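Engineer: The file below is structure-v5.pdb, PDB, C-alpha atoms:
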```pdb
ATOM      1  CA  MET A  78      65.284  12.849  26.979
ATOM      2  CA  ARG A  79      63.179  14.650  24.378
ATOM      3  CA  ASN A  80      63.831  11.945  21.790
ATOM      4  CA  THR A  81      62.590   9.275  24.191
ATOM      5  CA  ARG A  82      59.354  11.166  24.874
ATOM      6  CA  ALA A  83      58.761  11.834  21.189
ATOM      7  CA  LEU A  84      59.371   8.178  20.383
ATOM      8  CA  ALA A  85      56.990   7.056  23.145
ATOM      9  CA  VAL A  86      54.242   9.442  22.003
ATOM     10  CA  THR A  87      54.683   8.378  18.373
ATOM     11  CA  GLY A  88      54.528   4.707  19.348
ATOM     12  CA  ALA A  89      51.373   5.235  21.394
ATOM     13  CA  ALA A  90      49.704   7.150  18.548
ATOM     14  CA  VAL A  91      50.563   4.442  16.008
ATOM     15  CA  ALA A  92      49.272   1.729  18.361
ATOM     16  CA  ALA A  93      46.021   3.615  18.969
ATOM     17  CA  LEU A  94      45.514   4.166  15.251
ATOM     18  CA  GLY A  95      46.252   0.528  14.476
ATOM     19  CA  LEU A  96      43.737  -0.692  17.071
ATOM     20  CA  SER A  97      40.985   1.703  16.049
ATOM     21  CA  ALA A  98      41.276   1.257  12.271
ATOM     22  CA  PRO A  99      38.959  -1.360  10.762
ATOM     23  CA  ALA A 100      40.551  -4.460   9.366
ATOM     24  CA  ALA A 101      41.084  -4.321   5.627
ATOM     25  CA  VAL A 102      40.356  -8.004   5.294
ATOM     26  CA  ALA A 103      37.292  -9.205   3.380
ATOM     27  CA  TRP A 104      35.542 -11.850   5.457
ATOM     28  CA  ASP A 105      34.125 -14.967   3.939
ATOM     29  CA  THR A 106      31.678 -15.296   6.798
ATOM     30  CA  PRO A 107      28.741 -13.030   7.550
ATOM     31  CA  SER A 108      29.108 -10.855  10.640
ATOM     32  CA  ASN A 109      27.513  -7.859  12.284
ATOM     33  CA  ILE A 110      23.861  -8.014  11.232
ATOM     34  CA  THR A 111      22.236  -4.588  11.531
ATOM     35  CA  ALA A 112      18.467  -4.038  11.324
ATOM     36  CA  LEU A 113      17.166  -0.466  11.076
ATOM     37  CA  PRO A 114      14.917   0.806  12.508
ATOM     38  CA  GLY A 115      15.244  -1.271  15.653
ATOM     39  CA  VAL A 116      11.570  -0.766  16.524
ATOM     40  CA  ILE A 117       9.073  -1.021  13.677
ATOM     41  CA  ALA A 118       5.303  -1.233  13.179
ATOM     42  CA  ARG A 119       3.596  -3.994  11.232
ATOM     43  CA  GLY A 120       3.713  -3.259   7.501
ATOM     44  CA  GLY A 121       6.873  -1.135   7.853
ATOM     45  CA  GLN A 122      10.098  -1.584   5.905
ATOM     46  CA  LEU A 123      13.202  -2.887   7.643
ATOM     47  CA  THR A 124      16.686  -2.356   6.191
ATOM     48  CA  ILE A 125      19.065  -5.244   6.872
ATOM     49  CA  THR A 126      22.833  -4.805   6.454
ATOM     50  CA  VAL A 127      25.365  -7.622   6.874
ATOM     51  CA  ASP A 128      29.155  -7.238   6.928
ATOM     52  CA  GLY A 129      31.275  -9.883   5.238
ATOM     53  CA  CYS A 130      28.604 -10.956   2.783
ATOM     54  CA  LYS A 131      30.424  -9.990  -0.424
ATOM     55  CA  HIS A 132      28.298 -12.041  -2.850
ATOM     56  CA  GLY A 133      24.891 -11.311  -1.280
ATOM     57  CA  GLY A 134      22.540 -13.807   0.287
ATOM     58  CA  THR A 135      19.173 -14.095   2.024
ATOM     59  CA  ALA A 136      17.723 -12.945   5.326
ATOM     60  CA  THR A 137      14.865 -14.737   7.055
ATOM     61  CA  SER A 138      12.728 -14.118  10.114
ATOM     62  CA  ASN A 139       9.331 -15.090  11.479
ATOM     63  CA  ALA A 140       8.222 -11.467  10.978
ATOM     64  CA  PHE A 141       8.890 -11.174   7.217
ATOM     65  CA  SER A 142       9.217 -13.250   4.054
ATOM     66  CA  PRO A 143      12.710 -14.335   2.944
ATOM     67  CA  THR A 144      14.520 -11.269   1.642
ATOM     68  CA  THR A 145      17.329 -11.074  -0.906
ATOM     69  CA  LEU A 146      20.489  -9.277   0.207
ATOM     70  CA  SER A 147      22.362  -7.565  -2.628
ATOM     71  CA  PRO A 148      26.108  -6.930  -2.451
ATOM     72  CA  VAL A 149      27.282  -3.390  -1.707
ATOM     73  CA  HIS A 150      30.892  -2.889  -2.752
ATOM     74  CA  GLY A 151      33.158  -0.231  -1.338
ATOM     75  CA  GLY A 152      34.865   0.614   1.892
ATOM     76  CA  HIS A 153      37.111  -1.748   3.829
ATOM     77  CA  ASN A 154      34.759  -4.697   4.005
ATOM     78  CA  GLU A 155      32.157  -6.115   1.691
ATOM     79  CA  LYS A 156      28.535  -5.742   2.732
ATOM     80  CA  ALA A 157      25.141  -6.915   1.601
ATOM     81  CA  ARG A 158      21.915  -4.999   2.087
ATOM     82  CA  GLY A 159      18.240  -5.723   1.625
ATOM     83  CA  THR A 160      14.823  -4.345   2.541
ATOM     84  CA  ALA A 161      12.169  -6.501   4.195
ATOM     85  CA  THR A 162       8.507  -5.633   4.718
ATOM     86  CA  ILE A 163       7.129  -6.681   8.102
ATOM     87  CA  ASN A 164       4.042  -8.911   7.818
ATOM     88  CA  ARG A 165       0.744  -7.226   8.674
ATOM     89  CA  ASN A 166      -0.126 -10.129  10.969
ATOM     90  CA  ALA A 167       3.209 -10.149  12.872
ATOM     91  CA  ARG A 168       2.684 -10.213  16.607
ATOM     92  CA  PRO A 169       4.309  -7.494  18.717
ATOM     93  CA  GLY A 170       7.622  -8.586  20.235
ATOM     94  CA  SER A 171      11.311  -9.171  19.501
ATOM     95  CA  TYR A 172      12.398 -11.171  16.445
ATOM     96  CA  ASP A 173      15.611 -12.875  15.348
ATOM     97  CA  ILE A 174      17.179 -12.527  11.900
ATOM     98  CA  THR A 175      19.021 -15.416  10.240
ATOM     99  CA  VAL A 176      21.321 -14.573   7.327
ATOM    100  CA  ASN A 177      22.711 -17.046   4.790
ATOM    101  CA  CYS A 178      25.753 -15.751   2.896
ATOM    102  CA  ASN A 179      28.521 -17.528   1.050
ATOM    103  CA  GLY A 180      27.100 -20.872   2.169
ATOM    104  CA  LYS A 181      27.354 -19.891   5.846
ATOM    105  CA  SER A 182      24.641 -18.947   8.310
ATOM    106  CA  LEU A 183      24.517 -16.373  11.116
ATOM    107  CA  THR A 184      21.635 -15.555  13.483
ATOM    108  CA  LYS A 185      21.251 -12.332  15.429
ATOM    109  CA  PRO A 186      18.845 -12.841  18.331
ATOM    110  CA  GLN A 187      16.357 -10.060  19.081
ATOM    111  CA  ALA A 188      17.548  -8.036  16.082
ATOM    112  CA  PHE A 189      14.419  -5.855  15.985
ATOM    113  CA  THR A 190      11.100  -5.320  17.741
ATOM    114  CA  VAL A 191       7.659  -5.207  16.151
ATOM    115  CA  ILE A 192       5.094  -2.942  17.798
ATOM    116  CA  GLY A 193       1.321  -2.930  17.339
ATOM    117  CA  GLY A 194      -0.111  -1.076  14.374
ATOM    118  CA  VAL A 195      -1.227   2.526  14.472
ATOM    119  CA  ARG A 196      -4.889   3.454  14.146
ATOM    120  CA  GLY A 197      -4.904   5.884  11.273
ATOM    121  CA  GLY A 198      -7.611   8.087   9.875
ATOM    122  CA  ILE A 199      -9.287   9.051  13.135
ATOM    123  CA  GLY A 200      -6.407  10.837  14.796
ATOM    124  CA  GLY A 201      -5.608   7.942  17.084
ATOM    125  CA  SER A 202      -8.745   8.408  19.168
ATOM    126  CA  SER A 203     -11.182   5.614  19.772
ATOM    127  CA  THR A 204     -14.140   7.595  21.135
ATOM    128  CA  THR A 205     -16.426  10.139  19.549
ATOM    129  CA  GLY A 206     -16.572  13.452  21.355
ATOM    130  CA  ALA A 207     -15.885  14.343  24.967
ATOM    131  CA  THR A 208     -16.637  11.937  27.777
ATOM    132  CA  PRO A 209     -18.749  13.052  30.775
ATOM    133  CA  THR A 210     -15.549  13.350  32.818
ATOM    134  CA  ASP A 211     -14.052  15.723  30.232
ATOM    135  CA  VAL A 212     -17.203  17.883  30.301
ATOM    136  CA  ALA A 213     -17.182  18.038  34.131
ATOM    137  CA  ILE A 214     -13.510  19.048  34.245
ATOM    138  CA  GLY A 215     -13.975  21.691  31.546
ATOM    139  CA  GLY A 216     -17.093  23.086  33.217
ATOM    140  CA  GLY A 217     -15.297  23.293  36.562
ATOM    141  CA  LEU A 218     -12.387  25.198  34.999
ATOM    142  CA  VAL A 219     -14.745  27.670  33.302
ATOM    143  CA  ALA A 220     -16.680  28.217  36.554
ATOM    144  CA  ALA A 221     -13.443  28.807  38.482
ATOM    145  CA  ALA A 222     -12.326  31.356  35.868
ATOM    146  CA  VAL A 223     -15.657  33.229  36.062
ATOM    147  CA  VAL A 224     -15.603  33.353  39.873
ATOM    148  CA  GLY A 225     -11.945  34.420  39.934
ATOM    149  CA  GLY A 226     -12.575  37.147  37.341
ATOM    150  CA  GLY A 227     -15.613  38.427  39.301
ATOM    151  CA  VAL A 228     -13.654  38.600  42.560
ATOM    152  CA  PHE A 229     -10.806  40.440  40.831
ATOM    153  CA  TRP A 230     -13.210  42.929  39.196
ATOM    154  CA  MET A 231     -15.127  43.586  42.441
ATOM    155  CA  ARG A 232     -11.892  44.144  44.362
ATOM    156  CA  ARG A 233     -10.587  46.646  41.793
ATOM    157  CA  ARG A 234     -13.934  48.448  41.925
ATOM    158  CA  ALA A 235     -13.829  48.669  45.712
ATOM    159  CA  GLU A 236     -10.325  50.197  45.676
ATOM    160  CA  ARG A 237     -11.523  53.111  43.487
ATOM    161  CA  ARG A 238     -14.168  54.188  46.046
ATOM    162  CA  ILE A 239     -11.649  54.730  48.830
TER     163      ILE A 239
END
```
Could you show the structure in this file as structure tokens?
Structural biologist:
Amino acid sequence: MRNTRALAVTGAAVAALGLSAPAAVAWDTPSNITALPGVIARGGQLTITVDGCKHGGTATSNAFSPTTLSPVHGGHNEKARGTATINRNARPGSYDITVNCNGKSLTKPQAFTVIGGVRGGIGGSSTTGATPTDVAIGGGLVAAAVVGGGVFWMRRRAERRI
């Protein structure tokens, strides 16, 4: 009985390991396009990685100029990697990436998202100074603090007389 259980456990472990291990086969077709970061501002740099692109290739998108993918050797599968700079005039939204490797093409829809640019140099604000609403709120808070402090002080003073 113990041998049967040990054999069953060993078989299950080998099956689980075999299913979870990556295939040690080098593809001749590009697969698994990864774009990092997934959300990027205009002018930012996007790293593109493609599995199965052992000789390198090119990546294209409406958001950046054609980018060369260089082979990265090592691991179980061959990869290619490249860095693209997002155009300054790219409109916010999702973009596809098309990769050409080994004479074959692969497109990943909505591979990354471009967001609007950041206003730098002025701390992100678009106004100068406090607005009238800000002044009214601040003045009301100061007045409430003065009244509350006066009431507290008068009450403590009255307790000492008794």
Engineer: Every residue with an atom at most 10 Å from (22.0, -10.6, 19.8) (file coordinates; all atoms listed in the file) is what I'm after, so could you write them as number ranges by chain?
Structural biologist: A: 109-110, 173-174, 184-189
Engineer: Between A:Pro107, A:Pro209, A:Pro114, A:Pro169, which is the closest to A:Ala157 once you count only C-alpha atoms?
Structural biologist: A:Pro107
Engineer: Rank nothing, just name the residue among A:Ala136, A:Leu183, A:Val127, A:Ala222 nearest to A:Pro148, using all atoms listed in the file.
Structural biologist: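 Counting all atoms listed in the file, the residue closest to A:Pro148 is A:Val127.
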Engineer: Between atom CA of A:Lys156 and atom CA of A:Gly180, what is the spacing in Å?
Structural biologist: 15.2 Å
Engineer: Name the residues that the PyMOL selection byres ((chain A and resi 132) around 10) pulls out of this structure, and write them as a ChimeraX atom specification.
Structural biologist: /A:105,129-131,133-134,146-150,155-157,178-179
Engineer: State, in Å with one decimal place, the distance from atom CA of A:Ala167 to atom CA of A:Lys181.
Structural biologist: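 A separation of 27.0 Å between them.
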Engineer: Around (14.0, -9.4, 7.0) in the file's frame, which residues reach within 8 Å when counting all atoms listed in the file? Return as a ChimeraX atom specification?
Structural biologist: /A:123-125,136-138,140-144,159-163,174
Engineer: Give me, please, the distance in Å between atom CA of A:Thr145 and atom CA of A:Ser171, quoted to one decimal.
Structural biologist: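 Computing it gives 21.4 Å between the two atoms.
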Engineer: Run the PyMOL selection byres ((chain A and resi 120) around 6) mentally over the shown coordinates, then write out the matched residues as a ChimeraX atom specification, using the chain letters and numbers from the document.
Structural biologist: /A:119,121,163-165
Engineer: All heavy atoms are needed for stretch 221-232 of chain A; please write them out as a compact mmCIF listing (two decimals), keeping the file's coordinate frame.
Structural biologist:
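Once everything was written out, this is part13.txt:
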```txt
# COMPACT_ATOMS: atom_id res chain seq x y z
N ALA A 221 -14.50 28.22 37.66
CA ALA A 221 -13.44 28.81 38.48
C ALA A 221 -12.91 30.09 37.86
O ALA A 221 -12.63 31.07 38.56
CB ALA A 221 -12.32 27.79 38.67
N ALA A 222 -12.80 30.14 36.54
CA ALA A 222 -12.33 31.36 35.87
C ALA A 222 -13.33 32.49 36.02
O ALA A 222 -12.96 33.65 36.25
CB ALA A 222 -12.07 31.06 34.39
N VAL A 223 -14.62 32.19 35.92
CA VAL A 223 -15.66 33.23 36.06
C VAL A 223 -15.65 33.77 37.49
O VAL A 223 -15.69 35.00 37.70
CB VAL A 223 -17.05 32.67 35.67
CG1 VAL A 223 -18.16 33.61 36.08
CG2 VAL A 223 -17.09 32.40 34.17
N VAL A 224 -15.61 32.91 38.48
CA VAL A 224 -15.60 33.35 39.87
C VAL A 224 -14.34 34.16 40.16
O VAL A 224 -14.40 35.24 40.77
CB VAL A 224 -15.72 32.14 40.83
CG1 VAL A 224 -15.45 32.55 42.27
CG2 VAL A 224 -17.09 31.51 40.70
N GLY A 225 -13.19 33.69 39.70
CA GLY A 225 -11.94 34.42 39.93
C GLY A 225 -11.96 35.78 39.27
O GLY A 225 -11.51 36.78 39.84
N GLY A 226 -12.48 35.86 38.04
CA GLY A 226 -12.58 37.15 37.34
C GLY A 226 -13.52 38.09 38.05
O GLY A 226 -13.25 39.30 38.16
N GLY A 227 -14.66 37.58 38.57
CA GLY A 227 -15.61 38.43 39.30
C GLY A 227 -15.00 38.97 40.58
O GLY A 227 -15.18 40.16 40.91
N VAL A 228 -14.30 38.15 41.32
CA VAL A 228 -13.65 38.60 42.56
C VAL A 228 -12.62 39.67 42.24
O VAL A 228 -12.54 40.70 42.93
CB VAL A 228 -13.02 37.40 43.31
CG1 VAL A 228 -12.11 37.87 44.43
CG2 VAL A 228 -14.10 36.49 43.85
N PHE A 229 -11.82 39.46 41.22
CA PHE A 229 -10.81 40.44 40.83
C PHE A 229 -11.46 41.77 40.44
O PHE A 229 -11.03 42.84 40.85
CB PHE A 229 -9.97 39.89 39.67
CG PHE A 229 -8.92 40.84 39.18
CD1 PHE A 229 -7.77 41.05 39.91
CD2 PHE A 229 -9.09 41.53 37.99
CE1 PHE A 229 -6.80 41.93 39.46
CE2 PHE A 229 -8.13 42.42 37.54
CZ PHE A 229 -6.98 42.62 38.28
N TRP A 230 -12.54 41.71 39.65
CA TRP A 230 -13.21 42.93 39.20
C TRP A 230 -13.84 43.68 40.35
O TRP A 230 -13.76 44.89 40.45
CB TRP A 230 -14.27 42.54 38.15
CG TRP A 230 -14.99 43.71 37.59
CD1 TRP A 230 -14.48 44.71 36.83
CD2 TRP A 230 -16.36 44.01 37.77
NE1 TRP A 230 -15.44 45.61 36.50
CE2 TRP A 230 -16.63 45.20 37.07
CE3 TRP A 230 -17.41 43.38 38.45
CZ2 TRP A 230 -17.88 45.79 37.04
CZ3 TRP A 230 -18.65 43.96 38.41
CH2 TRP A 230 -18.88 45.15 37.71
N MET A 231 -14.49 42.94 41.28
CA MET A 231 -15.13 43.59 42.44
C MET A 231 -14.06 44.22 43.34
O MET A 231 -14.29 45.29 43.90
CB MET A 231 -15.94 42.56 43.24
CG MET A 231 -17.13 42.01 42.47
SD MET A 231 -18.34 43.27 42.07
CE MET A 231 -19.10 43.52 43.65
N ARG A 232 -12.95 43.61 43.50
CA ARG A 232 -11.89 44.14 44.36
C ARG A 232 -11.33 45.42 43.76
O ARG A 232 -11.07 46.38 44.47
CB ARG A 232 -10.80 43.09 44.52
CG ARG A 232 -9.75 43.49 45.48
CD ARG A 232 -8.84 42.34 45.79
NE ARG A 232 -7.80 42.84 46.67
CZ ARG A 232 -6.63 42.33 46.80
NH1 ARG A 232 -6.30 41.27 46.09
NH2 ARG A 232 -5.75 42.82 47.63
```
